[in-house]
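Notes follow the structure.
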Amino acid sequence: MVLERTSVGLDVHARSIVAGVLDTVTGQMWSRRLPPATEAVVAWIGSLPGPVGVAYEAGPTGFGLARALQPVGVRCVVVAPSKLERPPGDRVKTDRRDAERLARLLHIGELPAVRVPTELEEAARDLVRAREDARADLMRARHRLSKLLLRQGLVFEGAAWTQAHQRWLHTQSQQLTPSGLRVAFDEADGAVLAVQARRDRLDAAIVEVAMTPPWALLVGRLGCLRGIGMLTGFGLAVEIGDWQRFTGATIGAYLGLVPTEQSSGTQRVQGSITKTGNSHARRLLVEAAWHHRKPYRPSRALHARQAGQPAPVRERAERGNRRLHQRWSRLDARGKRSTISVVAVARELAGWCWSLAVLEA
């Protein structure tokens, strides 16, 4: 626990900031409303009796304030809101009370902090999340188009969204009557093509960035595992950031892949996974875990990703690929549902990713 003369809790919004200030010498608590300008906040904090500690909750306002306070020697804790405890009897919530509560918890060292990414890491993370948004938009646009055709009794018999399906779609416009329906189809089809083009542009940008430092080394190592291509490896790299802060046993809990638990005395009850932490990284790991269900036979793509990697990395990845398939086989033999098995494999896959990320080779 770090002792400072002044502890400041900030309730930060887009158009206003409320500060709760605790003087740890006199015990005085007071609050103030500040303008939402980073320079003004930093200047005001600099006028307080030092040393000063600051805390605010992570949110859409980002990490700019935390980065601005670091060069002036002010310790800033960015708090994980989902892990911030609130007494059940506390039924009054205001900006002032939230700020003062943060100041008190900062003083006693009871705030669950999140890691503040660098500007380079945050820019790469925004690129990955823009691609994630495009993927979700494409899925919704495809659903709208397919359901429009379904209402007209038009269903493609083969696999959807293949080249054959695309050719079939392009022949449907002239068969639709009246003209209003044809216009609706053309707009829905155009929306699919536009979003797909946006996704492809983002894919190309991600591949370009992933091949440059500081991402190339880590993405190359992660790609030695089955199911983790360049897009998935880059997504894991930017979402997790500093791998050294975890161990193979703790990274699964950080990603929300461990079971919930309600245990007391001799009774132990476990439920579904916690789903805390980074949802995007968790989804990427679960998708990659499905690839380990089939027997391990290295594909050409996997051999290409492993080419050029150091021997210790390839050897550890080989052990990981075999171990993960064995895990799937044991769970299947025990009659576990695939949706439960894939989470268990994803949790172990997270540990193998960590071991490759921190491996000295």
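Labels for the structure tokens follow display order: chains A, B, ..., residues from 1 in each chain, ligands from 1.
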Please, which residues of stretch 54-206 of chain A, numbered as in this document, come out helix (DSSP H, G or I) from DSSP, as a PDB file with C-alpha atoms, in the first residue's frame?
```pdb
ATOM      1  CA  GLY A  64      -5.667   9.544 -21.502  1.00  0.00           C
ATOM      2  CA  LEU A  65      -5.976  11.027 -18.021  1.00  0.00           C
ATOM      3  CA  ALA A  66      -3.874   8.255 -16.471  1.00  0.00           C
ATOM      4  CA  ARG A  67      -1.157   8.760 -19.074  1.00  0.00           C
ATOM      5  CA  ALA A  68      -1.188  12.531 -18.519  1.00  0.00           C
ATOM      6  CA  LEU A  69      -0.726  12.124 -14.753  1.00  0.00           C
ATOM      7  CA  PRO A  81     -15.747  -1.334 -12.218  1.00  0.00           C
ATOM      8  CA  SER A  82     -16.939  -4.953 -12.325  1.00  0.00           C
ATOM      9  CA  LYS A  83     -14.716  -5.827  -9.359  1.00  0.00           C
ATOM     10  CA  ASP A  95     -21.266  11.277  -8.602  1.00  0.00           C
ATOM     11  CA  ARG A  96     -20.019  12.920  -5.411  1.00  0.00           C
ATOM     12  CA  ARG A  97     -20.511   9.800  -3.281  1.00  0.00           C
ATOM     13  CA  ASP A  98     -18.828   7.612  -5.915  1.00  0.00           C
ATOM     14  CA  ALA A  99     -15.813   9.939  -6.076  1.00  0.00           C
ATOM     15  CA  GLU A 100     -15.459  10.114  -2.293  1.00  0.00           C
ATOM     16  CA  ARG A 101     -15.735   6.347  -2.020  1.00  0.00           C
ATOM     17  CA  LEU A 102     -12.941   5.902  -4.548  1.00  0.00           C
ATOM     18  CA  ALA A 103     -10.759   8.290  -2.551  1.00  0.00           C
ATOM     19  CA  ARG A 104     -11.286   6.314   0.671  1.00  0.00           C
ATOM     20  CA  LEU A 105     -10.622   2.950  -0.996  1.00  0.00           C
ATOM     21  CA  LEU A 106      -7.510   4.344  -2.677  1.00  0.00           C
ATOM     22  CA  HIS A 107      -6.158   5.440   0.692  1.00  0.00           C
ATOM     23  CA  GLU A 119      -0.768   4.378 -26.884  1.00  0.00           C
ATOM     24  CA  LEU A 120       0.622   1.856 -29.394  1.00  0.00           C
ATOM     25  CA  GLU A 121      -1.204  -1.008 -27.669  1.00  0.00           C
ATOM     26  CA  GLU A 122      -4.453   0.928 -27.509  1.00  0.00           C
ATOM     27  CA  ALA A 123      -4.247   1.841 -31.207  1.00  0.00           C
ATOM     28  CA  ALA A 124      -3.730  -1.829 -32.112  1.00  0.00           C
ATOM     29  CA  ARG A 125      -6.593  -2.821 -29.817  1.00  0.00           C
ATOM     30  CA  ASP A 126      -8.901  -0.327 -31.512  1.00  0.00           C
ATOM     31  CA  LEU A 127      -7.984  -1.859 -34.870  1.00  0.00           C
ATOM     32  CA  VAL A 128      -8.828  -5.351 -33.631  1.00  0.00           C
ATOM     33  CA  ARG A 129     -12.116  -4.194 -32.127  1.00  0.00           C
ATOM     34  CA  ALA A 130     -13.051  -2.387 -35.330  1.00  0.00           C
ATOM     35  CA  ARG A 131     -12.603  -5.713 -37.115  1.00  0.00           C
ATOM     36  CA  GLU A 132     -14.743  -7.400 -34.448  1.00  0.00           C
ATOM     37  CA  ASP A 133     -17.484  -4.825 -35.049  1.00  0.00           C
ATOM     38  CA  ALA A 134     -17.293  -5.460 -38.789  1.00  0.00           C
ATOM     39  CA  ARG A 135     -17.607  -9.214 -38.200  1.00  0.00           C
ATOM     40  CA  ALA A 136     -20.737  -8.689 -36.099  1.00  0.00           C
ATOM     41  CA  ASP A 137     -22.198  -6.256 -38.655  1.00  0.00           C
ATOM     42  CA  LEU A 138     -21.566  -8.747 -41.452  1.00  0.00           C
ATOM     43  CA  MET A 139     -23.351 -11.497 -39.552  1.00  0.00           C
ATOM     44  CA  ARG A 140     -26.386  -9.268 -38.988  1.00  0.00           C
ATOM     45  CA  ALA A 141     -26.443  -8.109 -42.632  1.00  0.00           C
ATOM     46  CA  ARG A 142     -26.299 -11.708 -43.847  1.00  0.00           C
ATOM     47  CA  HIS A 143     -29.119 -12.691 -41.511  1.00  0.00           C
ATOM     48  CA  ARG A 144     -31.316  -9.884 -42.824  1.00  0.00           C
ATOM     49  CA  LEU A 145     -30.706 -10.918 -46.430  1.00  0.00           C
ATOM     50  CA  SER A 146     -31.262 -14.635 -45.847  1.00  0.00           C
ATOM     51  CA  LYS A 147     -34.476 -14.038 -43.888  1.00  0.00           C
ATOM     52  CA  LEU A 148     -35.797 -11.715 -46.592  1.00  0.00           C
ATOM     53  CA  LEU A 149     -35.374 -14.544 -49.098  1.00  0.00           C
ATOM     54  CA  LEU A 150     -36.796 -17.100 -46.669  1.00  0.00           C
ATOM     55  CA  ARG A 151     -40.015 -15.093 -46.404  1.00  0.00           C
ATOM     56  CA  GLN A 163     -18.921 -18.788 -53.889  1.00  0.00           C
ATOM     57  CA  ALA A 164     -21.751 -20.978 -55.169  1.00  0.00           C
ATOM     58  CA  HIS A 165     -24.137 -19.276 -52.766  1.00  0.00           C
ATOM     59  CA  GLN A 166     -22.957 -15.847 -53.923  1.00  0.00           C
ATOM     60  CA  ARG A 167     -23.626 -16.771 -57.562  1.00  0.00           C
ATOM     61  CA  TRP A 168     -27.091 -18.017 -56.596  1.00  0.00           C
ATOM     62  CA  LEU A 169     -27.839 -14.769 -54.779  1.00  0.00           C
ATOM     63  CA  HIS A 170     -26.961 -12.707 -57.844  1.00  0.00           C
ATOM     64  CA  SER A 173     -32.974 -10.198 -58.035  1.00  0.00           C
ATOM     65  CA  GLN A 174     -34.807 -10.545 -61.356  1.00  0.00           C
ATOM     66  CA  GLN A 175     -37.085 -13.273 -59.951  1.00  0.00           C
ATOM     67  CA  SER A 179     -40.375  -3.962 -57.770  1.00  0.00           C
ATOM     68  CA  GLY A 180     -40.352  -2.836 -54.133  1.00  0.00           C
ATOM     69  CA  LEU A 181     -39.235  -6.304 -53.051  1.00  0.00           C
ATOM     70  CA  ARG A 182     -36.488  -6.238 -55.666  1.00  0.00           C
ATOM     71  CA  VAL A 183     -35.231  -2.913 -54.323  1.00  0.00           C
ATOM     72  CA  ALA A 184     -35.236  -4.286 -50.762  1.00  0.00           C
ATOM     73  CA  PHE A 185     -33.212  -7.317 -51.906  1.00  0.00           C
ATOM     74  CA  ASP A 186     -30.691  -5.185 -53.804  1.00  0.00           C
ATOM     75  CA  GLU A 187     -30.182  -2.942 -50.762  1.00  0.00           C
ATOM     76  CA  ALA A 188     -29.761  -5.915 -48.410  1.00  0.00           C
ATOM     77  CA  ASP A 189     -27.326  -7.596 -50.809  1.00  0.00           C
ATOM     78  CA  GLY A 190     -25.415  -4.347 -51.208  1.00  0.00           C
ATOM     79  CA  ALA A 191     -25.162  -3.981 -47.441  1.00  0.00           C
ATOM     80  CA  VAL A 192     -23.621  -7.469 -47.190  1.00  0.00           C
ATOM     81  CA  LEU A 193     -21.062  -6.688 -49.876  1.00  0.00           C
ATOM     82  CA  ALA A 194     -20.197  -3.314 -48.324  1.00  0.00           C
ATOM     83  CA  VAL A 195     -19.638  -4.732 -44.838  1.00  0.00           C
ATOM     84  CA  GLN A 196     -17.682  -7.656 -46.266  1.00  0.00           C
ATOM     85  CA  ALA A 197     -15.392  -5.229 -48.094  1.00  0.00           C
ATOM     86  CA  ARG A 198     -14.907  -3.269 -44.863  1.00  0.00           C
ATOM     87  CA  ARG A 199     -13.996  -6.447 -43.007  1.00  0.00           C
ATOM     88  CA  ASP A 200     -11.510  -7.420 -45.715  1.00  0.00           C
ATOM     89  CA  ARG A 201      -9.839  -3.994 -45.534  1.00  0.00           C
ATOM     90  CA  LEU A 202      -9.478  -4.339 -41.775  1.00  0.00           C
ATOM     91  CA  ASP A 203      -8.074  -7.864 -42.201  1.00  0.00           C
ATOM     92  CA  ALA A 204      -5.414  -6.515 -44.548  1.00  0.00           C
ATOM     93  CA  ALA A 205      -4.541  -3.721 -42.112  1.00  0.00           C
ATOM     94  CA  ILE A 206      -4.255  -6.184 -39.210  1.00  0.00           C
TER      95      ILE A 206
END
```
Note to self: Need to verify the contact set: A:Ile108, 12 Å, only C-alpha atoms, exclusion of same-chain residues closer than 5 positions in sequence. Can you return it as a PyMOL selection string?
What the structure shows: chain A and resi 1-4+7+22+24+53+101-103
Next item on the list: Would you please work out which residue, of A:Glu287, A:Cys76, A:Gln326, A:Ser355, is nearest to A:Phe246 when using only C-alpha atoms?
Entry: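 Checking each candidate against A:Phe246, we get A:Ser355 as the closest.
Take the candidates A:Gly89, A:Leu218, A:Gly46, A:Ala333 and check each one against A:Val74 using only C-alpha atoms; the shortest distance goes to A:Gly46.
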Note to self: List as a ChimeraX atom specification the protein and nucleic acid residues near A:Ser341, meaning an atom at most 12 Å away when only C-alpha atoms are counted, but skip any in the same chain fewer than 2 places from it.
What the structure shows: /A:257,286,289-290,292-293,324-339,343-348
